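Below: work.txt (compact mmCIF, C-alpha atoms and all ligand atoms)
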# COMPACT_ATOMS: atom_id res chain seq x y z
CA MET A 1 24.15 -19.45 34.97
CA ILE A 2 22.32 -20.71 31.89
CA LEU A 3 18.75 -19.81 30.89
CA ILE A 4 16.99 -22.43 28.79
CA LYS A 5 13.65 -22.09 27.00
CA LEU A 6 12.03 -25.33 25.92
CA GLY A 7 9.80 -24.19 23.08
CA GLY A 8 6.23 -25.43 22.79
CA SER A 9 7.01 -26.80 19.33
CA ILE A 10 9.62 -29.16 20.75
CA ILE A 11 7.88 -30.36 23.92
CA THR A 12 4.43 -30.80 22.35
CA ASN A 13 3.00 -32.11 19.14
CA LYS A 14 1.67 -28.93 17.59
CA GLU A 15 -0.52 -30.75 15.10
CA LYS A 16 -2.39 -32.60 17.84
CA PRO A 17 -4.18 -30.69 20.62
CA LEU A 18 -3.06 -31.52 24.13
CA SER A 19 -0.34 -33.97 23.21
CA ALA A 20 3.12 -33.81 24.73
CA ARG A 21 6.22 -35.24 23.03
CA ARG A 22 7.13 -37.25 26.09
CA LYS A 23 10.11 -39.04 24.56
CA THR A 24 11.60 -35.71 23.43
CA VAL A 25 11.00 -34.22 26.87
CA GLU A 26 12.72 -37.25 28.36
CA ASN A 27 15.75 -36.82 26.07
CA LEU A 28 15.92 -33.12 26.87
CA THR A 29 15.89 -33.67 30.61
CA LYS A 30 18.58 -36.34 30.24
CA GLY A 31 20.64 -33.71 28.38
CA LEU A 32 20.06 -31.16 31.16
CA LYS A 33 21.44 -33.67 33.62
CA LYS A 34 24.85 -33.33 31.91
CA ILE A 35 25.07 -29.59 32.60
CA ASN A 36 27.09 -28.83 35.71
CA GLU A 37 26.15 -25.24 36.36
CA PRO A 38 23.06 -23.41 37.62
CA ILE A 39 20.22 -23.45 35.12
CA ILE A 40 16.75 -21.97 34.91
CA ILE A 41 14.12 -23.56 32.68
CA VAL A 42 11.27 -21.74 30.95
CA HIS A 43 8.82 -23.65 28.78
CA GLY A 44 6.23 -22.69 26.21
CA GLY A 45 2.60 -23.62 25.66
CA GLY A 46 2.57 -25.53 22.37
CA SER A 47 -0.54 -27.60 21.79
CA TYR A 48 -1.63 -27.03 25.41
CA GLY A 49 -1.70 -23.27 26.17
CA HIS A 50 -1.88 -22.11 22.56
CA TYR A 51 -4.64 -24.53 21.67
CA TRP A 52 -6.93 -23.07 24.34
CA SER A 53 -5.77 -19.48 23.86
CA VAL A 54 -6.84 -19.69 20.20
CA LYS A 55 -10.19 -21.30 21.17
CA TYR A 56 -10.93 -18.49 23.63
CA ASP A 57 -9.42 -15.76 21.44
CA MET A 58 -6.87 -14.72 24.03
CA HIS A 59 -3.72 -12.78 23.15
CA THR A 60 -0.78 -10.91 24.61
CA LYS A 61 -2.77 -7.63 24.81
CA GLU A 62 -4.30 -6.91 28.23
CA ARG A 63 -8.07 -7.25 27.83
CA LYS A 64 -11.22 -8.57 29.48
CA TYR A 65 -11.00 -12.08 28.06
CA ASP A 66 -13.48 -14.87 28.76
CA LEU A 67 -12.80 -15.93 32.36
CA ARG A 68 -13.49 -19.53 31.45
CA GLY A 69 -10.65 -19.28 28.92
CA VAL A 70 -8.29 -17.87 31.56
CA SER A 71 -8.97 -20.83 33.86
CA ILE A 72 -8.72 -23.41 31.11
CA VAL A 73 -5.48 -22.01 29.64
CA LYS A 74 -3.93 -21.93 33.12
CA ASN A 75 -5.09 -25.45 33.85
CA SER A 76 -3.62 -26.77 30.60
CA MET A 77 -0.26 -25.13 31.37
CA ILE A 78 -0.19 -26.81 34.78
CA GLU A 79 -0.80 -30.12 33.03
CA LEU A 80 2.06 -29.57 30.58
CA ASN A 81 4.30 -28.28 33.37
CA LYS A 82 3.62 -31.45 35.36
CA ILE A 83 4.84 -33.58 32.45
CA ILE A 84 8.13 -31.64 32.39
CA LEU A 85 8.52 -31.81 36.18
CA ASP A 86 7.77 -35.55 36.27
CA SER A 87 10.38 -36.20 33.60
CA MET A 88 12.95 -34.18 35.53
CA ILE A 89 12.19 -35.98 38.78
CA LYS A 90 12.42 -39.33 36.99
CA ASN A 91 15.86 -38.38 35.66
CA LYS A 92 17.07 -37.36 39.10
CA LEU A 93 17.02 -33.61 38.57
CA ASN A 94 15.53 -31.37 41.26
CA PRO A 95 13.01 -29.02 39.62
CA TYR A 96 11.51 -26.15 41.59
CA CYS A 97 8.21 -25.19 40.00
CA LEU A 98 7.61 -21.43 39.76
CA PRO A 99 4.45 -20.33 37.94
CA PRO A 100 4.97 -16.79 36.60
CA THR A 101 2.44 -15.45 39.14
CA ASP A 102 5.28 -15.96 41.59
CA PHE A 103 7.48 -13.26 40.05
CA MET A 104 5.14 -11.11 37.93
CA SER A 105 2.84 -8.33 39.04
CA GLY A 106 0.56 -7.29 36.19
CA ASN A 107 2.92 -7.21 33.22
CA LYS A 108 5.98 -6.24 35.28
CA PRO A 109 8.56 -8.58 36.73
CA ILE A 110 9.11 -8.27 40.50
CA SER A 111 12.86 -7.76 40.73
CA LYS A 112 13.20 -9.04 44.29
CA LYS A 113 11.49 -12.29 43.31
CA ILE A 114 13.63 -12.67 40.21
CA LYS A 115 16.78 -12.27 42.28
CA GLU A 116 15.43 -15.04 44.47
CA ILE A 117 15.14 -17.32 41.42
CA GLU A 118 18.87 -16.85 40.90
CA LYS A 119 19.54 -17.93 44.49
CA ILE A 120 17.29 -20.96 44.06
CA SER A 121 19.15 -22.05 40.93
CA LYS A 122 22.55 -21.51 42.58
CA SER A 123 21.45 -23.76 45.43
CA GLY A 124 21.22 -26.69 43.01
CA LEU A 125 17.46 -26.67 42.56
CA ILE A 126 16.30 -26.01 38.99
CA PRO A 127 13.64 -23.28 38.78
CA VAL A 128 11.06 -24.20 36.14
CA THR A 129 8.58 -21.62 34.89
CA PHE A 130 6.34 -21.27 31.83
CA GLY A 131 4.26 -19.02 29.58
CA ASP A 132 0.78 -18.58 31.03
CA ALA A 133 -2.47 -16.62 31.21
CA LEU A 134 -1.93 -13.87 33.78
CA TRP A 135 -4.00 -11.43 35.77
CA TYR A 136 -3.27 -7.84 34.76
CA GLY A 137 -5.70 -5.83 36.91
CA GLN A 138 -9.17 -4.29 36.51
CA LYS A 139 -10.60 -7.63 35.34
CA LYS A 140 -8.09 -7.74 32.50
CA THR A 141 -5.80 -10.67 31.75
CA TYR A 142 -3.19 -11.44 29.08
CA ILE A 143 -1.04 -14.23 27.71
CA LEU A 144 2.54 -13.96 28.88
CA SER A 145 4.87 -15.72 26.49
CA GLY A 146 7.74 -17.84 27.77
CA ASP A 147 9.95 -15.92 25.32
CA ARG A 148 9.05 -12.67 27.08
CA ILE A 149 9.87 -14.34 30.42
CA MET A 150 13.31 -15.16 28.98
CA THR A 151 13.91 -11.45 28.33
CA HIS A 152 12.76 -10.47 31.83
CA LEU A 153 15.06 -13.07 33.43
CA ALA A 154 18.01 -12.28 31.14
CA LYS A 155 17.77 -8.58 31.87
CA ALA A 156 17.78 -9.07 35.64
CA LEU A 157 20.16 -12.03 35.93
CA GLU A 158 22.61 -11.63 33.01
CA PRO A 159 23.12 -15.36 32.42
CA ARG A 160 26.25 -16.61 30.66
CA LEU A 161 24.10 -18.03 27.88
CA CYS A 162 20.42 -18.07 26.86
CA VAL A 163 19.29 -21.13 24.93
CA PHE A 164 16.08 -21.46 22.93
CA ALA A 165 15.39 -25.12 22.09
CA LEU A 166 13.31 -25.32 18.90
CA ASN A 167 11.97 -27.96 16.58
CA GLU A 168 14.37 -26.70 13.86
CA ASP A 169 18.14 -26.50 13.54
CA GLY A 170 18.07 -22.75 14.14
CA LEU A 171 17.21 -19.79 11.93
CA TYR A 172 17.25 -20.27 8.19
CA SER A 173 18.18 -17.50 5.77
CA ASP A 174 15.96 -19.23 3.28
CA LEU A 175 13.03 -21.42 4.35
CA LYS A 176 13.01 -23.55 1.20
CA SER A 177 16.65 -24.60 1.15
CA LYS A 178 16.82 -24.53 4.99
CA LYS A 179 20.15 -22.72 4.78
CA LEU A 180 21.16 -22.20 8.40
CA ILE A 181 22.30 -18.84 9.74
CA HIS A 182 25.22 -19.76 12.00
CA GLU A 183 25.88 -16.44 13.64
CA LEU A 184 24.36 -12.98 13.96
CA GLN A 185 25.78 -9.89 15.58
CA GLY A 186 23.39 -7.15 16.53
CA GLU A 187 21.22 -7.38 13.42
CA LYS A 188 17.66 -8.65 13.53
CA PRO A 189 16.94 -10.95 10.60
CA ASP A 190 13.74 -10.66 8.61
CA ILE A 191 11.83 -13.89 8.84
CA SER A 192 8.56 -14.99 7.34
CA GLU A 193 6.39 -17.70 8.82
CA ASN A 194 2.88 -18.95 9.29
CA LYS A 195 1.60 -17.54 12.55
CA MET A 196 -0.28 -20.10 14.55
CA ASP A 197 0.88 -19.07 18.00
CA VAL A 198 -1.06 -16.39 19.82
CA THR A 199 2.24 -15.05 21.14
CA GLY A 200 3.84 -14.76 17.69
CA GLY A 201 5.83 -18.01 17.33
CA MET A 202 9.21 -17.64 15.64
CA THR A 203 8.83 -13.90 15.12
CA ARG A 204 8.54 -13.36 18.86
CA LYS A 205 11.50 -15.65 19.50
CA VAL A 206 13.72 -13.72 17.11
CA GLU A 207 12.53 -10.45 18.61
CA GLU A 208 13.31 -11.53 22.18
CA ALA A 209 16.58 -13.21 21.15
CA SER A 210 17.87 -10.08 19.47
CA LYS A 211 16.69 -7.94 22.41
CA ILE A 212 18.66 -10.18 24.78
CA SER A 213 21.78 -10.16 22.59
CA LYS A 214 21.59 -6.36 22.46
CA MET A 215 21.94 -6.45 26.26
CA GLY A 216 25.34 -7.98 25.49
CA LEU A 217 24.44 -11.61 26.16
CA ASN A 218 24.86 -14.65 23.94
CA VAL A 219 21.64 -16.26 22.70
CA PHE A 220 21.66 -19.65 21.05
CA LEU A 221 18.83 -21.11 18.96
CA VAL A 222 19.23 -24.87 18.79
CA ASN A 223 17.41 -28.00 17.73
CA GLY A 224 15.86 -29.50 20.87
CA ASN A 225 15.66 -32.89 19.17
CA LYS A 226 19.45 -32.94 19.58
CA PRO A 227 19.98 -32.21 23.28
CA ASP A 228 23.73 -32.89 22.91
CA ARG A 229 23.95 -29.65 20.94
CA ILE A 230 22.71 -27.83 24.04
CA VAL A 231 25.28 -29.61 26.20
CA LYS A 232 28.09 -28.85 23.69
CA ALA A 233 27.13 -25.17 23.55
CA VAL A 234 27.21 -24.94 27.34
CA LYS A 235 30.35 -27.00 27.90
CA ASP A 236 32.61 -26.46 24.86
CA LYS A 237 31.15 -23.26 23.46
CA THR A 238 30.61 -24.95 20.11
CA PHE A 239 27.38 -23.76 18.60
CA GLU A 240 25.62 -26.07 16.18
CA GLY A 241 22.60 -23.85 15.56
CA THR A 242 22.16 -20.06 15.35
CA LEU A 243 24.16 -17.92 17.74
CA PHE A 244 23.16 -14.32 18.38
CA ARG A 245 26.48 -13.08 19.67
CA GLY A 246 26.12 -10.45 22.37
CA LYS A 247 28.56 -7.52 22.41
CA ARG A 248 30.25 -8.72 25.59
CA ASN A 249 31.28 -11.93 23.86
CA VAL A 250 32.60 -10.59 20.54
O1 LIG B 1 4.63 -20.77 24.03
C1 LIG B 1 2.62 -19.03 25.81
O2 LIG B 1 3.99 -19.31 25.96
P1 LIG B 1 4.93 -19.47 24.67
C2 LIG B 1 1.80 -19.90 26.73
O3 LIG B 1 6.31 -19.39 25.23
C3 LIG B 1 0.34 -19.84 26.47
O4 LIG B 1 4.65 -18.31 23.75
C4 LIG B 1 -0.51 -19.93 27.64
C5 LIG B 1 -0.23 -19.73 25.32
Could you take the file, read its structure, and then write that structure out as structure tokens?
Amino acid sequence: MILIKLGGSIITNKEKPLSARRKTVENLTKGLKKINEPIIIVHGGGSYGHYWSVKYDMHTKERKYDLRGVSIVKNSMIELNKIILDSMIKNKLNPYCLPPTDFMSGNKPISKKIKEIEKISKSGLIPVTFGDALWYGQKKTYILSGDRIMTHLAKALEPRLCVFALNEDGLYSDLKSKKLIHELQGEKPDISENKMDVTGGMTRKVEEASKISKMGLNVFLVNGNKPDRIVKAVKDKTFEGTLFRGKRNV
């Protein structure tokens, strides 16, 4: 089983509110079509969810946020999700839409539901979920990042590989020269970036990726503009990007 996160920066145009990169989404789904094993898709918020989360000052902390913001963030994620689902349907994949409310209770994953997601993906359907605004309890809500969902799913399902599709070639040891880090083992690199995501952007991704690799699993950060790199990583185990090698795979 393969877990794939389509980052908001790759599926949307982050400079333009509420604009999806439809051609890129199309290329990605065509790439997914070439993978012959169970997959689960998670996608981010990009210029949909993050745009509204910033407007309504909503974050990952559980608080009493503006209820209007909660509704609008959720609505925008449904809109972005629909674009992904439509592209998958068009390319003859069988997505099975699962908003995170389906497997989260407050900020905890429901293990029975997560096990069910595994069964769904093994049946040939492709579960598709996404970062979202979620009910926490006592009138509080929070933003659940798709990266955090990846960690929840990885922990429970132990996929063969976790892929994060980004709008970059992977992690750079130096931002100016764009020198790519090809492989990491256990260590968590120090990265600097401009934070524009309410969930922490690249910092969060690196955090979750190293958490997952510490569970022993391989995590691969790859350029989503080159879907063949995803296919090659899955099929031939050649990693053109940044691989966080999990202990089990050393
Ligand atoms: O882009 C957050 O998901 P992410 C989604 O995976 C929202 O961090 C609603 C901002």
Report as CSV: every residue of chain A with an atom at most 6 Å from ligand LIG 1 (chain B), its closest pair of atoms, and their distance in Å to one decimal, counting all atoms listed in the file, with rows sorted by chain and ascending residue number.
residue,atom,partner,partner_atom,distance
A:Gly8,CA,B:LIG1,O1,5.1
A:Gly44,CA,B:LIG1,O1,3.3
A:Gly45,CA,B:LIG1,O1,3.9
A:Gly46,CA,B:LIG1,O1,5.4
A:Gly49,CA,B:LIG1,C4,3.8
A:His50,CA,B:LIG1,C5,4.0
A:Ser53,CA,B:LIG1,C5,5.7
A:Val73,CA,B:LIG1,C4,5.7
A:Gly131,CA,B:LIG1,O2,3.6
A:Asp132,CA,B:LIG1,C4,3.9
A:Ala133,CA,B:LIG1,C4,5.2
A:Ile143,CA,B:LIG1,C4,5.7
A:Leu144,CA,B:LIG1,C1,5.9
A:Ser145,CA,B:LIG1,O2,3.7
A:Gly146,CA,B:LIG1,O3,3.3
A:Asp147,CA,B:LIG1,O3,5.0
A:Thr199,CA,B:LIG1,O4,4.8
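Residue nearest Pro109 of chain A within the list A:His43, A:His152, A:Lys82, A:Lys176: A:His152 [criterion: smallest interatomic distance, all atoms listed in the file].
When atom CA of Ile126 of chain A is paired with atom CA of Ile41 of chain A, their separation reads 7.1 Å.
Considering all atoms listed in the file, the residue among A:Leu153, A:Leu221, A:Leu3, A:Ala209 positioned nearest to His182 of chain A is A:Leu221.
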Seminar exercise, completed: Of A:Leu93, A:Ile72, A:Met215, A:Leu157, the one sitting nearest Thr29 of chain A when using only C-alpha atoms is A:Leu93
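Put simply, atom CA of Lys33 of chain A is 14.8 Å away from atom CA of Tyr96 of chain A.
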Problem set entry | Residues within 10 Å of (1.9, -5.8, 26.3), counting only C-alpha atoms, listed as an MDAnalysis selection string | chainID A and resid 59:62 107:108 142:144 148
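Closest approach to Val234 of chain A from the set A:Lys139, A:Lys74, A:Lys55, A:Lys34 is made by A:Lys34, with distances taken over only C-alpha atoms.
For segment 20-26 of chain A, the residues within 8 Å (counting only C-alpha atoms, excluding itself and residues fewer than 2 positions away along the chain) are A:Ile10, A:Ile11, A:Thr12, A:Asn13, A:Leu18, A:Leu28, A:Thr29, A:Lys30, A:Ser47, A:Leu80, A:Ile83, A:Ile84, A:Ser87, A:Met88, A:Gly224, A:Asn225.
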Seminar exercise, completed: A straight line from atom CA of Phe164 of chain A to atom CA of Ser210 of chain A spans 12.0 Å
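Using only C-alpha atoms, the nearest neighbour of Lys214 of chain A within the list A:Ser177, A:Asn167, A:Thr151, A:Asn81 is A:Thr151.
Closest to Gly137 of chain A among A:Arg63, A:Lys112, A:Lys90, A:Arg160 is A:Arg63, based on all atoms listed in the file.
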For this session: Using all atoms listed in the file, determine which residues lie at most 12 Å from Ile120 of chain A, disregarding the query and same-chain residues fewer than 2 positions distant; provide the list as number ranges by chain.
Result: A: 1, 38-40, 94-98, 113-118, 122-128
Output the selection as a PDB file, in the coordinates of the input - C-alpha atoms for each residue.
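Output file part-v8.pdb follows:
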ATOM      1  CA  MET A   1      24.150 -19.450  34.970  1.00  0.00           C
ATOM      2  CA  PRO A  38      23.060 -23.410  37.620  1.00  0.00           C
ATOM      3  CA  ILE A  39      20.220 -23.450  35.120  1.00  0.00           C
ATOM      4  CA  ILE A  40      16.750 -21.970  34.910  1.00  0.00           C
ATOM      5  CA  ASN A  94      15.530 -31.370  41.260  1.00  0.00           C
ATOM      6  CA  PRO A  95      13.010 -29.020  39.620  1.00  0.00           C
ATOM      7  CA  TYR A  96      11.510 -26.150  41.590  1.00  0.00           C
ATOM      8  CA  CYS A  97       8.210 -25.190  40.000  1.00  0.00           C
ATOM      9  CA  LEU A  98       7.610 -21.430  39.760  1.00  0.00           C
ATOM     10  CA  LYS A 113      11.490 -12.290  43.310  1.00  0.00           C
ATOM     11  CA  ILE A 114      13.630 -12.670  40.210  1.00  0.00           C
ATOM     12  CA  LYS A 115      16.780 -12.270  42.280  1.00  0.00           C
ATOM     13  CA  GLU A 116      15.430 -15.040  44.470  1.00  0.00           C
ATOM     14  CA  ILE A 117      15.140 -17.320  41.420  1.00  0.00           C
ATOM     15  CA  GLU A 118      18.870 -16.850  40.900  1.00  0.00           C
ATOM     16  CA  LYS A 122      22.550 -21.510  42.580  1.00  0.00           C
ATOM     17  CA  SER A 123      21.450 -23.760  45.430  1.00  0.00           C
ATOM     18  CA  GLY A 124      21.220 -26.690  43.010  1.00  0.00           C
ATOM     19  CA  LEU A 125      17.460 -26.670  42.560  1.00  0.00           C
ATOM     20  CA  ILE A 126      16.300 -26.010  38.990  1.00  0.00           C
ATOM     21  CA  PRO A 127      13.640 -23.280  38.780  1.00  0.00           C
ATOM     22  CA  VAL A 128      11.060 -24.200  36.140  1.00  0.00           C
TER      23      VAL A 128
END
Could you give me segment 129-151 of chain A completed to N, CA, C and O atoms, formatted as a tab-separated table (two decimals), keeping the file's coordinate frame?
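What landed in selection_17.tsv:
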chain	number	residue	atom	x	y	z
A	129	THR	N	9.76	-22.46	35.06
A	129	THR	CA	8.58	-21.62	34.89
A	129	THR	C	8.06	-21.75	33.46
A	129	THR	O	8.62	-22.49	32.66
A	130	PHE	N	6.97	-21.04	33.13
A	130	PHE	CA	6.34	-21.27	31.83
A	130	PHE	C	5.46	-20.10	31.42
A	130	PHE	O	5.02	-19.30	32.26
A	131	GLY	N	5.21	-20.00	30.11
A	131	GLY	CA	4.26	-19.02	29.58
A	131	GLY	C	2.89	-19.35	30.14
A	131	GLY	O	2.58	-20.52	30.37
A	132	ASP	N	2.04	-18.33	30.33
A	132	ASP	CA	0.78	-18.58	31.03
A	132	ASP	C	-0.23	-17.46	30.77
A	132	ASP	O	0.13	-16.41	30.23
A	133	ALA	N	-1.47	-17.69	31.19
A	133	ALA	CA	-2.47	-16.62	31.21
A	133	ALA	C	-2.31	-15.92	32.55
A	133	ALA	O	-2.27	-16.58	33.59
A	134	LEU	N	-2.19	-14.60	32.53
A	134	LEU	CA	-1.93	-13.87	33.78
A	134	LEU	C	-2.93	-12.76	34.05
A	134	LEU	O	-3.40	-12.10	33.12
A	135	TRP	N	-3.18	-12.55	35.30
A	135	TRP	CA	-4.00	-11.43	35.77
A	135	TRP	C	-3.24	-10.13	35.53
A	135	TRP	O	-2.04	-10.03	35.84
A	136	TYR	N	-3.93	-9.13	34.99
A	136	TYR	CA	-3.27	-7.84	34.76
A	136	TYR	C	-3.77	-6.78	35.75
A	136	TYR	O	-3.02	-5.97	36.28
A	137	GLY	N	-5.08	-6.85	36.04
A	137	GLY	CA	-5.70	-5.83	36.91
A	137	GLY	C	-6.98	-5.34	36.25
A	137	GLY	O	-7.13	-5.48	35.03
A	138	GLN	N	-7.89	-4.81	37.03
A	138	GLN	CA	-9.17	-4.29	36.51
A	138	GLN	C	-9.88	-5.28	35.58
A	138	GLN	O	-10.31	-4.92	34.49
A	139	LYS	N	-9.93	-6.52	36.04
A	139	LYS	CA	-10.60	-7.63	35.34
A	139	LYS	C	-9.94	-7.99	33.99
A	139	LYS	O	-10.50	-8.75	33.21
A	140	LYS	N	-8.79	-7.40	33.75
A	140	LYS	CA	-8.09	-7.74	32.50
A	140	LYS	C	-7.05	-8.83	32.74
A	140	LYS	O	-6.48	-8.91	33.83
A	141	THR	N	-6.84	-9.63	31.70
A	141	THR	CA	-5.80	-10.67	31.75
A	141	THR	C	-5.01	-10.60	30.44
A	141	THR	O	-5.39	-9.86	29.53
A	142	TYR	N	-3.97	-11.39	30.32
A	142	TYR	CA	-3.19	-11.44	29.08
A	142	TYR	C	-2.39	-12.73	29.04
A	142	TYR	O	-2.23	-13.40	30.07
A	143	ILE	N	-1.91	-13.05	27.84
A	143	ILE	CA	-1.04	-14.23	27.71
A	143	ILE	C	0.41	-13.75	27.77
A	143	ILE	O	0.84	-12.91	26.98
A	144	LEU	N	1.11	-14.27	28.74
A	144	LEU	CA	2.54	-13.96	28.88
A	144	LEU	C	3.32	-15.09	28.21
A	144	LEU	O	3.20	-16.26	28.60
A	145	SER	N	4.09	-14.72	27.21
A	145	SER	CA	4.87	-15.72	26.49
A	145	SER	C	6.12	-16.13	27.27
A	145	SER	O	6.73	-15.30	27.96
A	146	GLY	N	6.50	-17.38	27.15
A	146	GLY	CA	7.74	-17.84	27.77
A	146	GLY	C	8.95	-17.10	27.20
A	146	GLY	O	9.95	-16.90	27.89
A	147	ASP	N	8.85	-16.68	25.94
A	147	ASP	CA	9.95	-15.92	25.32
A	147	ASP	C	10.12	-14.57	26.02
A	147	ASP	O	11.24	-14.10	26.24
A	148	ARG	N	9.00	-13.95	26.36
A	148	ARG	CA	9.05	-12.67	27.08
A	148	ARG	C	9.65	-12.88	28.48
A	148	ARG	O	10.44	-12.08	28.96
A	149	ILE	N	9.29	-14.02	29.10
A	149	ILE	CA	9.87	-14.34	30.42
A	149	ILE	C	11.40	-14.44	30.30
A	149	ILE	O	12.14	-13.96	31.15
A	150	MET	N	11.86	-15.04	29.19
A	150	MET	CA	13.31	-15.16	28.98
A	150	MET	C	13.97	-13.77	29.01
A	150	MET	O	15.02	-13.59	29.63
A	151	THR	N	13.34	-12.81	28.36
A	151	THR	CA	13.91	-11.45	28.33
A	151	THR	C	13.92	-10.83	29.73
A	151	THR	O	14.91	-10.24	30.14
